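Structure file coords39.txt (compact mmCIF, C-alpha atoms and all ligand atoms) is printed below.
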```txt
# COMPACT_ATOMS: atom_id res chain seq x y z
CA MET A 26 -0.53 -4.20 -14.77
CA GLU A 27 -1.68 -0.76 -13.65
CA ASN A 28 -4.56 -2.56 -11.95
CA SER A 29 -2.47 -5.20 -10.24
CA LEU A 30 -2.81 -5.50 -6.49
CA ARG A 31 -1.30 -2.44 -4.89
CA ILE A 32 -1.09 -4.10 -1.52
CA TYR A 33 1.41 -6.60 -2.94
CA ARG A 34 3.25 -4.01 -4.94
CA LYS A 35 6.55 -2.67 -3.63
CA THR A 36 7.36 0.92 -4.42
CA ILE A 37 10.91 1.43 -5.67
CA GLY A 38 12.12 5.03 -5.95
CA ILE A 39 14.94 5.97 -8.32
CA PHE A 40 17.03 8.82 -6.93
CA GLY A 41 20.26 10.58 -7.81
CA ARG A 42 21.61 13.85 -9.08
CA CYS A 43 20.53 15.38 -12.40
CA ASN A 44 21.97 13.48 -15.34
CA ALA A 45 22.87 10.46 -13.22
CA GLY A 46 20.95 8.36 -15.71
CA LYS A 47 17.87 7.66 -13.57
CA SER A 48 15.37 7.80 -16.41
CA THR A 49 17.69 5.84 -18.70
CA LEU A 50 17.96 3.18 -15.99
CA LEU A 51 14.17 2.98 -15.66
CA ASN A 52 13.84 2.52 -19.43
CA ASN A 53 16.59 -0.09 -19.34
CA ILE A 54 14.90 -2.06 -16.55
CA THR A 55 11.43 -2.01 -18.08
CA GLY A 56 12.59 -2.37 -21.69
CA GLU A 57 10.47 0.60 -22.79
CA GLU A 58 11.71 3.99 -23.94
CA ARG A 59 8.87 5.79 -22.19
CA ALA A 60 10.77 8.15 -19.90
CA ILE A 61 12.39 11.13 -21.64
CA THR A 62 16.18 11.18 -21.28
CA SER A 63 18.76 13.71 -22.43
CA PRO A 64 22.23 15.07 -21.66
CA LEU A 65 20.55 18.22 -20.30
CA PRO A 66 20.30 18.32 -16.50
CA GLY A 67 16.73 18.64 -15.21
CA THR A 68 15.08 16.58 -17.95
CA THR A 69 12.69 14.83 -15.56
CA THR A 70 10.51 17.47 -13.98
CA ASP A 71 7.84 15.41 -12.19
CA PRO A 72 7.94 12.06 -10.43
CA ASN A 73 7.01 9.45 -12.98
CA ARG A 74 5.35 6.21 -11.84
CA ARG A 75 5.69 2.97 -13.78
CA ALA A 76 4.08 -0.31 -12.73
CA PHE A 77 6.09 -3.40 -13.59
CA GLU A 78 6.01 -7.15 -12.97
CA LEU A 79 9.49 -7.89 -11.64
CA LEU A 80 9.47 -11.67 -11.85
CA PRO A 81 9.94 -13.87 -9.89
CA PHE A 82 9.70 -11.19 -7.17
CA GLY A 83 6.25 -9.84 -8.08
CA PRO A 84 4.57 -6.54 -8.90
CA VAL A 85 6.50 -3.35 -8.21
CA GLU A 86 6.06 0.31 -8.99
CA PHE A 87 9.09 2.31 -9.99
CA ILE A 88 9.08 6.05 -9.44
CA ASP A 89 11.60 8.05 -11.45
CA THR A 90 12.34 11.39 -9.78
CA PRO A 91 13.83 14.80 -10.65
CA GLY A 92 17.50 15.25 -9.68
CA LEU A 93 18.42 15.70 -6.01
CA ASP A 94 20.55 18.70 -7.00
CA ASP A 95 18.07 20.39 -9.36
CA ASP A 96 18.92 24.09 -8.94
CA SER A 97 16.69 25.48 -11.68
CA ILE A 98 14.02 28.07 -10.86
CA LEU A 99 11.55 25.30 -10.13
CA GLY A 100 14.23 23.18 -8.48
CA GLU A 101 12.98 23.68 -4.91
CA ILE A 102 9.47 22.54 -5.86
CA ARG A 103 10.90 19.53 -7.67
CA LYS A 104 13.12 18.60 -4.75
CA ALA A 105 10.10 18.83 -2.45
CA LYS A 106 8.22 16.47 -4.79
CA ALA A 107 11.13 14.02 -4.67
CA GLN A 108 10.97 14.12 -0.85
CA GLU A 109 7.26 13.30 -0.98
CA VAL A 110 8.02 10.30 -3.19
CA LEU A 111 10.68 9.21 -0.75
CA LYS A 112 8.11 8.86 2.01
CA ILE A 113 6.17 6.22 0.13
CA CYS A 114 9.12 4.09 -1.00
CA SER A 115 10.33 1.14 1.02
CA ILE A 116 13.13 0.51 -1.47
CA VAL A 117 15.30 3.18 -3.05
CA ILE A 118 17.86 2.95 -5.84
CA LEU A 119 20.59 5.55 -5.60
CA VAL A 120 22.02 6.14 -9.07
CA GLY A 121 25.52 7.48 -9.55
CA ASN A 122 27.33 8.00 -12.81
CA THR A 123 31.04 7.73 -13.51
CA LYS A 124 31.25 11.14 -15.19
CA VAL A 125 31.26 12.75 -11.74
CA SER A 126 32.48 11.73 -8.31
CA PRO A 127 30.08 11.12 -5.42
CA GLY A 128 29.53 14.06 -3.06
CA GLU A 129 27.38 15.56 -0.35
CA TYR A 130 24.07 14.86 -2.13
CA GLU A 131 24.74 11.15 -2.04
CA LEU A 132 26.07 11.23 1.53
CA ASN A 133 23.01 13.12 2.77
CA PHE A 134 20.69 10.81 0.89
CA ILE A 135 22.29 7.69 2.32
CA GLU A 136 22.30 9.06 5.85
CA GLN A 137 18.67 10.08 5.56
CA ASN A 138 17.51 6.68 4.34
CA LEU A 139 19.84 3.88 5.30
CA LYS A 140 18.17 3.04 8.61
CA LYS A 141 14.61 3.35 7.30
CA LYS A 142 14.65 1.74 3.86
CA THR A 143 16.36 -0.80 1.65
CA VAL A 144 18.98 1.26 -0.21
CA ILE A 145 20.44 -0.21 -3.40
CA GLY A 146 23.17 1.38 -5.54
CA VAL A 147 23.55 1.44 -9.31
CA ILE A 148 26.65 3.02 -10.86
CA ASN A 149 25.93 3.97 -14.45
CA LYS A 150 29.03 3.60 -16.56
CA VAL A 151 28.64 6.83 -18.45
CA SER A 152 32.39 7.44 -18.83
CA ASP A 153 35.57 5.40 -18.66
CA LYS A 154 37.02 7.43 -15.78
CA THR A 155 38.18 4.68 -13.46
CA GLU A 156 38.94 6.96 -10.51
CA ASN A 157 35.29 8.04 -10.30
CA LEU A 158 34.16 4.44 -10.56
CA GLU A 159 36.38 3.54 -7.61
CA LEU A 160 35.05 6.45 -5.55
CA TRP A 161 31.47 5.31 -6.13
CA GLN A 162 32.38 1.74 -5.19
CA GLN A 163 34.08 2.94 -2.01
CA LEU A 164 31.02 4.97 -1.08
CA PHE A 165 28.63 2.04 -1.40
CA GLU A 166 31.03 -0.37 0.31
CA LYS A 167 31.54 2.02 3.22
CA PHE A 168 27.79 1.90 3.97
CA LYS A 169 27.47 -1.80 3.08
CA ILE A 170 25.06 -0.95 0.26
CA SER A 171 24.67 -3.60 -2.37
CA TYR A 172 25.48 -2.07 -5.78
CA LEU A 173 25.76 -2.86 -9.48
CA VAL A 174 28.11 -1.36 -12.04
CA HIS A 175 26.07 -1.07 -15.19
CA ASP A 176 26.04 0.49 -18.63
CA CYS A 177 22.49 1.22 -19.72
CA LYS A 178 23.67 1.77 -23.27
CA LYS A 179 25.38 -1.59 -23.60
CA ASP A 180 23.96 -3.95 -20.99
CA ASP A 181 20.63 -5.68 -21.20
CA GLY A 182 17.96 -4.68 -18.66
CA SER A 183 17.78 -8.27 -17.43
CA ILE A 184 21.06 -7.68 -15.55
CA VAL A 185 19.53 -4.93 -13.36
CA ARG A 186 16.31 -6.90 -13.00
CA GLU A 187 18.17 -9.94 -11.67
CA PHE A 188 20.22 -7.75 -9.36
CA LEU A 189 17.03 -6.20 -7.97
CA VAL A 190 15.33 -9.56 -7.49
CA GLN A 191 18.34 -10.85 -5.55
CA ASN A 192 18.28 -7.85 -3.27
CA LEU A 193 14.54 -7.84 -2.70
CA ARG A 194 14.06 -11.48 -1.86
CA ASP A 195 13.86 -10.92 1.88
CA SER A 196 10.94 -8.54 1.52
CA LEU A 197 8.72 -11.26 0.00
CA THR A 198 5.07 -11.14 0.94
CA LYS A 199 3.29 -13.10 3.67
CA THR A 200 -0.14 -14.71 3.45
CA VAL A 201 -3.44 -12.83 3.58
CA VAL A 202 -5.81 -15.69 4.34
CA ALA A 203 -4.53 -19.18 3.57
CA ASP A 204 -3.02 -19.71 7.04
CA ILE A 205 -6.36 -19.31 8.83
CA VAL A 206 -8.48 -21.71 6.76
CA PRO A 207 -9.00 -24.96 8.69
CA LEU A 208 -7.37 -27.87 6.86
CA GLY A 209 -9.61 -29.59 4.31
CA LYS A 210 -12.44 -27.05 4.69
CA SER A 211 -13.93 -24.83 2.03
CA VAL A 212 -14.30 -21.05 2.06
CA VAL A 213 -17.26 -18.88 1.06
CA LEU A 214 -16.70 -15.38 -0.30
CA VAL A 215 -19.69 -13.02 -0.10
CA ILE A 216 -19.33 -10.28 -2.68
CA PRO A 217 -22.26 -7.92 -3.20
CA ILE A 218 -22.43 -6.37 -6.65
CA ASP A 219 -24.09 -3.08 -5.82
CA ALA A 220 -24.15 0.34 -7.45
CA GLY A 221 -20.75 1.15 -5.94
CA ALA A 222 -19.01 -1.93 -7.39
CA PRO A 223 -16.72 -1.19 -10.34
CA LYS A 224 -18.09 -2.38 -13.66
CA GLY A 225 -16.92 -5.77 -14.92
CA ARG A 226 -14.46 -6.34 -12.08
CA ILE A 227 -14.15 -7.35 -8.48
CA ILE A 228 -12.14 -5.12 -6.18
CA GLN A 229 -8.55 -5.71 -5.18
CA PRO A 230 -8.83 -7.26 -1.70
CA GLN A 231 -11.34 -9.74 -3.10
CA MET A 232 -9.05 -10.62 -5.99
CA LEU A 233 -6.14 -11.00 -3.64
CA VAL A 234 -8.03 -13.37 -1.33
CA LEU A 235 -9.49 -15.39 -4.20
CA ARG A 236 -6.13 -15.79 -5.88
CA GLU A 237 -4.45 -16.92 -2.67
CA LEU A 238 -7.18 -19.49 -2.02
CA LEU A 239 -6.76 -20.83 -5.56
CA ASP A 240 -2.97 -20.89 -5.18
CA ASN A 241 -3.47 -23.09 -2.12
CA TYR A 242 -6.06 -25.42 -3.73
CA ILE A 243 -8.71 -24.39 -1.20
CA VAL A 244 -12.24 -25.06 -2.48
CA THR A 245 -13.89 -21.63 -2.70
CA HIS A 246 -17.52 -20.65 -3.30
CA VAL A 247 -18.34 -17.11 -4.38
CA VAL A 248 -21.84 -15.69 -3.92
CA GLN A 249 -23.79 -12.48 -3.63
CA PRO A 250 -25.43 -12.08 -0.18
CA GLU A 251 -28.81 -12.97 -1.74
CA ASN A 252 -27.51 -16.46 -2.62
CA LEU A 253 -25.78 -17.25 0.67
CA ARG A 254 -28.73 -19.05 2.24
CA GLU A 255 -29.18 -21.21 -0.86
CA LEU A 256 -25.47 -22.06 -0.97
CA LEU A 257 -25.41 -23.12 2.68
CA LEU A 258 -28.42 -25.38 2.12
CA ASN A 259 -26.69 -27.05 -0.81
CA LEU A 260 -23.30 -27.61 0.84
CA LYS A 261 -22.81 -31.12 2.25
CA GLU A 262 -20.25 -29.85 4.73
CA GLU A 263 -20.14 -26.51 6.50
CA PRO A 264 -17.49 -24.09 5.19
CA GLY A 265 -14.43 -23.52 7.37
CA LEU A 266 -14.63 -19.75 6.90
CA VAL A 267 -16.94 -17.15 5.39
CA ILE A 268 -15.38 -13.90 4.22
CA THR A 269 -17.76 -11.08 3.44
CA ASP A 270 -17.65 -7.55 2.15
CA SER A 271 -17.98 -5.63 5.40
CA GLN A 272 -20.87 -3.50 4.13
CA VAL A 273 -23.16 -6.54 4.29
CA PHE A 274 -21.93 -7.83 7.66
CA ALA A 275 -25.38 -7.48 9.22
CA LYS A 276 -27.09 -9.34 6.37
CA VAL A 277 -24.59 -12.19 6.53
CA ARG A 278 -24.79 -12.32 10.34
CA ASP A 279 -28.55 -12.90 10.08
CA ILE A 280 -28.14 -15.82 7.68
CA LEU A 281 -25.01 -17.55 8.94
CA PRO A 282 -25.25 -19.99 11.89
CA GLU A 283 -23.27 -18.74 14.94
CA ASN A 284 -20.83 -21.65 14.84
CA ILE A 285 -19.47 -20.82 11.37
CA SER A 286 -16.39 -18.58 11.32
CA LEU A 287 -16.95 -15.18 9.79
CA THR A 288 -14.66 -12.31 8.90
CA SER A 289 -14.34 -9.64 6.18
CA PHE A 290 -11.96 -8.74 3.41
CA SER A 291 -11.07 -5.46 5.07
CA ILE A 292 -10.25 -7.14 8.39
CA LEU A 293 -7.98 -9.59 6.57
CA MET A 294 -6.25 -6.62 4.93
CA ALA A 295 -5.83 -4.88 8.28
CA ARG A 296 -4.24 -8.01 9.72
CA TYR A 297 -1.98 -8.35 6.68
CA ARG A 298 -0.81 -4.80 7.16
CA GLY A 299 -0.34 -5.24 10.91
CA GLU A 300 -2.98 -2.67 11.85
CA LEU A 301 -5.55 -4.64 13.87
CA SER A 302 -4.47 -3.36 17.29
CA ILE A 303 -4.26 0.23 16.07
CA PHE A 304 -7.82 0.05 14.71
CA LEU A 305 -9.08 -1.55 17.91
CA GLU A 306 -7.82 1.46 19.83
CA GLY A 307 -9.79 3.58 17.38
CA ILE A 308 -12.94 1.53 18.03
CA GLN A 309 -12.56 2.18 21.75
CA LYS A 310 -12.44 5.89 21.06
CA ILE A 311 -15.88 6.01 19.37
CA LYS A 312 -17.94 6.01 22.55
CA ARG A 313 -15.68 8.69 24.05
CA LEU A 314 -16.18 11.16 21.20
CA ARG A 315 -17.71 14.41 22.40
CA GLU A 316 -20.51 16.36 20.74
CA GLY A 317 -19.04 18.34 17.82
CA ALA A 318 -15.85 16.23 17.61
CA LYS A 319 -13.90 16.51 14.34
CA ILE A 320 -13.87 13.39 12.24
CA GLY A 321 -11.84 12.91 9.06
CA ILE A 322 -13.05 10.37 6.54
CA PHE A 323 -10.36 9.08 4.19
CA GLU A 324 -11.15 7.40 0.91
CA ALA A 325 -8.28 6.55 -1.38
CA CYS A 326 -10.26 6.07 -4.56
CA VAL A 327 -11.98 8.95 -6.27
CA HIS A 328 -15.37 7.72 -7.43
CA HIS A 329 -18.38 9.87 -7.98
CA VAL A 330 -20.77 9.98 -5.07
CA GLN A 331 -23.59 7.42 -5.25
CA LYS A 332 -26.77 7.41 -3.26
CA ASP A 333 -25.98 5.95 0.18
CA ASP A 334 -22.31 6.84 -0.33
CA ILE A 335 -20.19 5.19 2.36
CA GLY A 336 -17.93 8.10 3.23
CA SER A 337 -20.39 10.96 3.15
CA GLU A 338 -23.59 9.20 4.29
CA LYS A 339 -23.24 5.72 5.77
CA ILE A 340 -20.34 6.39 8.14
CA PRO A 341 -21.83 9.59 9.67
CA ALA A 342 -25.15 7.75 10.10
CA ILE A 343 -23.46 4.82 11.89
CA LEU A 344 -21.48 7.10 14.22
CA LYS A 345 -24.62 9.05 15.06
CA LYS A 346 -26.45 5.80 15.79
CA LEU A 347 -23.63 4.46 17.97
CA THR A 348 -23.13 7.60 20.05
CA GLY A 349 -26.30 9.68 19.72
CA ARG A 350 -24.02 12.69 19.10
CA ASN A 351 -23.39 15.00 16.17
CA PHE A 352 -19.89 15.43 14.75
CA SER A 353 -18.28 17.63 12.14
CA TYR A 354 -16.89 15.77 9.15
CA THR A 355 -14.24 16.39 6.53
CA LEU A 356 -13.96 14.06 3.56
CA HIS A 357 -10.48 13.44 2.12
CA LYS A 358 -10.38 11.70 -1.24
CA GLY A 359 -7.62 10.38 -3.46
CA ARG A 360 -3.97 9.45 -3.06
CA GLU A 361 -2.84 12.91 -1.94
CA PHE A 362 -2.53 13.02 1.82
CA LYS A 363 -2.66 16.45 3.42
CA ILE A 364 -4.46 17.40 6.64
CA ASN A 365 -4.63 20.91 8.01
CA GLU A 366 -6.69 20.40 11.15
CA LYS A 367 -6.61 18.54 14.43
CA LEU A 368 -8.89 15.51 14.18
CA ASP A 369 -10.43 13.52 17.01
CA LEU A 370 -10.85 10.42 14.90
CA ALA A 371 -9.87 9.25 11.42
CA VAL A 372 -12.03 6.72 9.60
CA HIS A 373 -10.13 5.17 6.71
CA CYS A 374 -11.33 3.06 3.80
CA GLY A 375 -9.74 -0.36 3.20
CA GLY A 376 -7.02 1.45 1.25
CA CYS A 377 -6.92 -1.10 -1.57
CA MET A 378 -5.92 1.64 -4.03
CA LEU A 379 -2.87 2.49 -1.92
CA THR A 380 0.41 0.67 -1.57
CA ASN A 381 1.44 -0.71 1.81
CA GLU A 382 3.92 2.10 2.20
CA GLU A 383 1.30 4.76 1.55
CA ILE A 384 -1.02 3.25 4.17
CA HIS A 385 1.84 2.91 6.66
CA GLN A 386 2.78 6.52 6.10
CA ARG A 387 -0.77 7.61 6.89
CA ILE A 388 -1.04 5.44 9.99
CA ALA A 389 2.33 6.75 11.20
CA TYR A 390 1.08 10.31 10.74
CA PHE A 391 -2.09 9.65 12.78
CA LYS A 392 -0.02 8.03 15.51
CA GLU A 393 2.39 10.94 15.61
CA GLN A 394 -0.51 13.40 15.92
CA GLY A 395 -2.27 11.34 18.58
CA ILE A 396 -5.26 10.77 16.28
CA LYS A 397 -7.06 7.46 16.73
CA VAL A 398 -7.93 5.67 13.51
CA ILE A 399 -10.30 2.93 12.41
CA ASN A 400 -11.08 1.34 9.07
CA TYR A 401 -14.48 1.04 7.43
CA GLY A 402 -14.65 -2.72 7.80
CA MET A 403 -14.08 -2.82 11.54
CA LEU A 404 -16.57 -0.01 12.06
CA PHE A 405 -19.21 -1.97 10.11
CA ALA A 406 -18.47 -5.10 12.14
CA TYR A 407 -18.69 -3.11 15.39
CA ASP A 408 -21.96 -1.56 14.25
CA ALA A 409 -23.36 -5.02 13.45
CA GLY A 410 -22.30 -6.14 16.94
CA ILE A 411 -19.99 -8.84 15.58
CA LEU A 412 -16.51 -7.40 15.79
CA GLU A 413 -15.46 -10.02 18.30
CA ARG A 414 -16.77 -12.79 16.06
CA ALA A 415 -15.10 -11.28 12.99
CA LEU A 416 -11.70 -11.18 14.70
CA LYS A 417 -11.92 -14.69 16.11
CA PRO A 418 -10.73 -16.48 12.94
CA LEU A 419 -7.55 -14.36 13.14
CA GLY A 420 -6.79 -15.45 16.69
CA GLY A 421 -9.08 -12.69 17.94
CA GLU A 422 -9.43 -14.04 21.48
CA ALA A 423 -6.31 -12.05 22.21
CA PHE A 424 -8.30 -8.87 21.63
CA ALA A 425 -11.42 -9.95 23.49
CA ASP A 426 -11.00 -7.63 26.47
CA ARG A 427 -10.97 -4.60 24.21
CA PHE A 428 -14.36 -4.79 22.56
CA ASN A 429 -16.50 -3.25 25.21
CA GLY A 430 -14.57 -0.02 25.64
N1 LIG A 501 26.98 5.62 -21.91
C1 LIG A 501 26.00 5.73 -21.03
N2 LIG A 501 25.21 6.83 -21.03
C2 LIG A 501 24.21 6.89 -20.11
C3 LIG A 501 23.99 5.87 -19.16
N3 LIG A 501 22.95 6.24 -18.39
C4 LIG A 501 22.54 7.45 -18.83
N4 LIG A 501 23.30 7.84 -19.87
C5 LIG A 501 23.18 9.13 -20.59
O1 LIG A 501 23.24 10.17 -19.63
C6 LIG A 501 22.36 11.26 -19.97
C7 LIG A 501 21.42 11.56 -18.81
O2 LIG A 501 20.51 10.48 -18.67
P1 LIG A 501 19.05 10.64 -18.04
O3 LIG A 501 18.52 9.27 -17.91
O4 LIG A 501 18.24 11.64 -18.75
O5 LIG A 501 19.44 11.22 -16.61
P2 LIG A 501 18.49 11.56 -15.37
O6 LIG A 501 19.20 11.13 -14.14
O7 LIG A 501 17.16 11.02 -15.60
O8 LIG A 501 18.50 13.13 -15.43
P3 LIG A 501 17.40 14.21 -14.94
O9 LIG A 501 16.10 13.76 -15.43
O10 LIG A 501 17.87 15.46 -15.57
O11 LIG A 501 17.48 14.29 -13.45
C8 LIG A 501 21.65 10.83 -21.23
O12 LIG A 501 22.29 11.42 -22.33
C9 LIG A 501 21.83 9.32 -21.25
O13 LIG A 501 21.83 8.81 -22.56
C10 LIG A 501 24.84 4.72 -19.18
O14 LIG A 501 24.70 3.78 -18.39
N5 LIG A 501 25.82 4.71 -20.14
MG MG A 502 15.39 11.90 -15.74
```

Would you write the structure of this file as structure tokens?
Ligand SMILES: Nc1nc2c(ncn2[C@@H]2O[C@H](COP(=O)(O)OP(=O)(O)OP(=O)(O)O)[C@@H](O)[C@H]2O)c(=O)[nH]1
Ligand SMILES: [Mg+2]
Amino acid sequence: MENSLRIYRKTIGIFGRCNAGKSTLLNNITGEERAITSPLPGTTTDPNRRAFELLPFGPVEFIDTPGLDDDSILGEIRKAKAQEVLKICSIVILVGNTKVSPGEYELNFIEQNLKKKTVIGVINKVSDKTENLELWQQLFEKFKISYLVHDCKKDDGSIVREFLVQNLRDSLTKTVVADIVPLGKSVVLVIPIDAGAPKGRIIQPQMLVLRELLDNYIVTHVVQPENLRELLLNLKEEPGLVITDSQVFAKVRDILPENISLTSFSILMARYRGELSIFLEGIQKIKRLREGAKIGIFEACVHHVQKDDIGSEKIPAILKKLTGRNFSYTLHKGREFKINEKLDLAVHCGGCMLTNEEIHQRIAYFKEQGIKVINYGMLFAYDAGILERALKPLGGEAFADRFNG
């Protein structure tokens, strides 16, 4: 489950004051006593992530957080951590408990989040005090927040799970690829297994695409670039679409007849996340970069550097080739996202190790700072001179006027 597709996975934050029963609720939902709970306020000290398959909705990641009102010595640091978690959640559960009445922490939290996120309420029935229960109900009703009255000690977790599924239905996922495959045609996936490929697995965007093609009964052929020519010779009918790893765009371009549609996994991901136009603006920026410009390279997964490493070697070489200029580079790795300098361009990996919310948060930051951004895949396609072709299967004609910038 930890390896399930992050792009599909919704991040659900669990917030509330100390002792509200946040960790108990998480254990109740997932049916595992993994999070530590206790009557002492401030039990949870760090955000605690837990991946879970919330069927029939799909994969989610819960994040249990320290209390909103933690006033211990480390409280400020913990509250700051909770705010960081908040940024990457599209859904938040506000937990209240009937031992206390709702107050300013809850009001502030609701006002901060109601317009930006799906806010769901859970009232933990920790005591029998009916007046507090009514106050909590009034609070949620006032803001039209859907809520559940629940006793984690008595009620089965399936009750909260069903409640969540009901409330999350409208955020169901859209398609990644199935809608652009011509009816009755097959698809070819080109997946190089090189030194950078993880052992024994294929990477997430490839899994996602393959699974969706299978779900839709679309005949799919999977090859390494070295076998593409042989496959094409053996097929009785041309494939309706070829999807390649963007690092071998140039190789595939040389083998594949012009009339066959071609795109890449990373471009499909960018479309899925609604980022194509943003990245195209980034592509236009490349030729305008001045000598010495500052370029940030962002890679979400932390792997050890191989020979020909994409972030530290291939990308700088491509940008040098495209512009003839020298730039200064900073490499940012991992899920932490902190930048302390003004960049002229950001080059981001496909982001398959990040959730949609994490990627959106990054893109929003770049936009806010006026930093143009591109992804690896579109840069590779541009470098191979086939960006226009690679966007065509996605209705790319609409972008045609923007390639020569
Ligand atoms: N009876 C009852 N007790 C509950 C319920 N939910 C939580 N509790 C109890 O309330 C206390 C606090 O629960 P926690 O889950 O540790 O609370 P928390 O919100 O995670 O607290 P912090 O980590 O300190 O922020 C524990 O003693 C739980 O057993 C509930 O629904 N019913
Ligand atoms: Mg806790």

Please check which protein, DNA or RNA residues sit within 9 Å of ligand LIG 501 (chain A), counting all atoms listed in the file, and write them as a PDB file with C-alpha atoms, in the coordinates of the input.
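Result saved to part_38.pdb:
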```
ATOM      1  CA  ILE A  39      14.940   5.970  -8.320  1.00  0.00           C
ATOM      2  CA  PHE A  40      17.030   8.820  -6.930  1.00  0.00           C
ATOM      3  CA  GLY A  41      20.260  10.580  -7.810  1.00  0.00           C
ATOM      4  CA  ARG A  42      21.610  13.850  -9.080  1.00  0.00           C
ATOM      5  CA  CYS A  43      20.530  15.380 -12.400  1.00  0.00           C
ATOM      6  CA  ASN A  44      21.970  13.480 -15.340  1.00  0.00           C
ATOM      7  CA  ALA A  45      22.870  10.460 -13.220  1.00  0.00           C
ATOM      8  CA  GLY A  46      20.950   8.360 -15.710  1.00  0.00           C
ATOM      9  CA  LYS A  47      17.870   7.660 -13.570  1.00  0.00           C
ATOM     10  CA  SER A  48      15.370   7.800 -16.410  1.00  0.00           C
ATOM     11  CA  THR A  49      17.690   5.840 -18.700  1.00  0.00           C
ATOM     12  CA  LEU A  50      17.960   3.180 -15.990  1.00  0.00           C
ATOM     13  CA  LEU A  51      14.170   2.980 -15.660  1.00  0.00           C
ATOM     14  CA  ASN A  52      13.840   2.520 -19.430  1.00  0.00           C
ATOM     15  CA  ALA A  60      10.770   8.150 -19.900  1.00  0.00           C
ATOM     16  CA  ILE A  61      12.390  11.130 -21.640  1.00  0.00           C
ATOM     17  CA  THR A  62      16.180  11.180 -21.280  1.00  0.00           C
ATOM     18  CA  SER A  63      18.760  13.710 -22.430  1.00  0.00           C
ATOM     19  CA  PRO A  64      22.230  15.070 -21.660  1.00  0.00           C
ATOM     20  CA  LEU A  65      20.550  18.220 -20.300  1.00  0.00           C
ATOM     21  CA  PRO A  66      20.300  18.320 -16.500  1.00  0.00           C
ATOM     22  CA  GLY A  67      16.730  18.640 -15.210  1.00  0.00           C
ATOM     23  CA  THR A  68      15.080  16.580 -17.950  1.00  0.00           C
ATOM     24  CA  THR A  69      12.690  14.830 -15.560  1.00  0.00           C
ATOM     25  CA  THR A  70      10.510  17.470 -13.980  1.00  0.00           C
ATOM     26  CA  ASP A  89      11.600   8.050 -11.450  1.00  0.00           C
ATOM     27  CA  THR A  90      12.340  11.390  -9.780  1.00  0.00           C
ATOM     28  CA  PRO A  91      13.830  14.800 -10.650  1.00  0.00           C
ATOM     29  CA  GLY A  92      17.500  15.250  -9.680  1.00  0.00           C
ATOM     30  CA  LEU A  93      18.420  15.700  -6.010  1.00  0.00           C
ATOM     31  CA  ASP A  94      20.550  18.700  -7.000  1.00  0.00           C
ATOM     32  CA  ASP A  95      18.070  20.390  -9.360  1.00  0.00           C
ATOM     33  CA  VAL A 120      22.020   6.140  -9.070  1.00  0.00           C
ATOM     34  CA  GLY A 121      25.520   7.480  -9.550  1.00  0.00           C
ATOM     35  CA  ASN A 122      27.330   8.000 -12.810  1.00  0.00           C
ATOM     36  CA  THR A 123      31.040   7.730 -13.510  1.00  0.00           C
ATOM     37  CA  ILE A 148      26.650   3.020 -10.860  1.00  0.00           C
ATOM     38  CA  ASN A 149      25.930   3.970 -14.450  1.00  0.00           C
ATOM     39  CA  LYS A 150      29.030   3.600 -16.560  1.00  0.00           C
ATOM     40  CA  VAL A 151      28.640   6.830 -18.450  1.00  0.00           C
ATOM     41  CA  SER A 152      32.390   7.440 -18.830  1.00  0.00           C
ATOM     42  CA  VAL A 174      28.110  -1.360 -12.040  1.00  0.00           C
ATOM     43  CA  HIS A 175      26.070  -1.070 -15.190  1.00  0.00           C
ATOM     44  CA  ASP A 176      26.040   0.490 -18.630  1.00  0.00           C
ATOM     45  CA  CYS A 177      22.490   1.220 -19.720  1.00  0.00           C
ATOM     46  CA  LYS A 178      23.670   1.770 -23.270  1.00  0.00           C
ATOM     47  CA  LYS A 179      25.380  -1.590 -23.600  1.00  0.00           C
ATOM     48  CA  ASP A 180      23.960  -3.950 -20.990  1.00  0.00           C
TER      49      ASP A 180
END
```

**Q.** Residues near Tyr401 in chain A, cut-off 9 Å, all atoms listed in the file, skip fewer than 2 positions along chain, as a ChimeraX atom specification
**A.** /A:271-272,291,335-336,340,372-375,399,403-406

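Closest approach to Gln394 in chain A among A:Gln231, A:Ala342, A:Gly56, A:Lys367 is made by A:Lys367 (distances from only C-alpha atoms).
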
Select, counting only C-alpha atoms, all protein, DNA and RNA residues no farther than 8 Å from (20.0, -1.2, -3.5) in file coordinates, and express the selection as a CSV table (one decimal) with C-alpha atoms, in the frame of the given file.
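The file below, part-v2.csv, is the result:
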```
chain,number,residue,atom,x,y,z
A,116,ILE,CA,13.1,0.5,-1.5
A,117,VAL,CA,15.3,3.2,-3.0
A,118,ILE,CA,17.9,3.0,-5.8
A,119,LEU,CA,20.6,5.6,-5.6
A,143,THR,CA,16.4,-0.8,1.6
A,144,VAL,CA,19.0,1.3,-0.2
A,145,ILE,CA,20.4,-0.2,-3.4
A,146,GLY,CA,23.2,1.4,-5.5
A,147,VAL,CA,23.6,1.4,-9.3
A,170,ILE,CA,25.1,-1.0,0.3
A,171,SER,CA,24.7,-3.6,-2.4
A,172,TYR,CA,25.5,-2.1,-5.8
A,189,LEU,CA,17.0,-6.2,-8.0
A,192,ASN,CA,18.3,-7.8,-3.3
```

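The gap separating CA of Leu214 in chain A from CA of Thr245 in chain A is 7.3 Å, in Å to one decimal.
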
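When CA of Glu263 in chain A is paired with CA of Ile228 in chain A, their separation reads 26.1 Å.
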
Q | Residue with smallest distance to ligand MG 502 (chain A) - pool A:Leu238, A:Ile88, A:Ala76, A:Leu193, counting all atoms listed in the file | A | A:Ile88
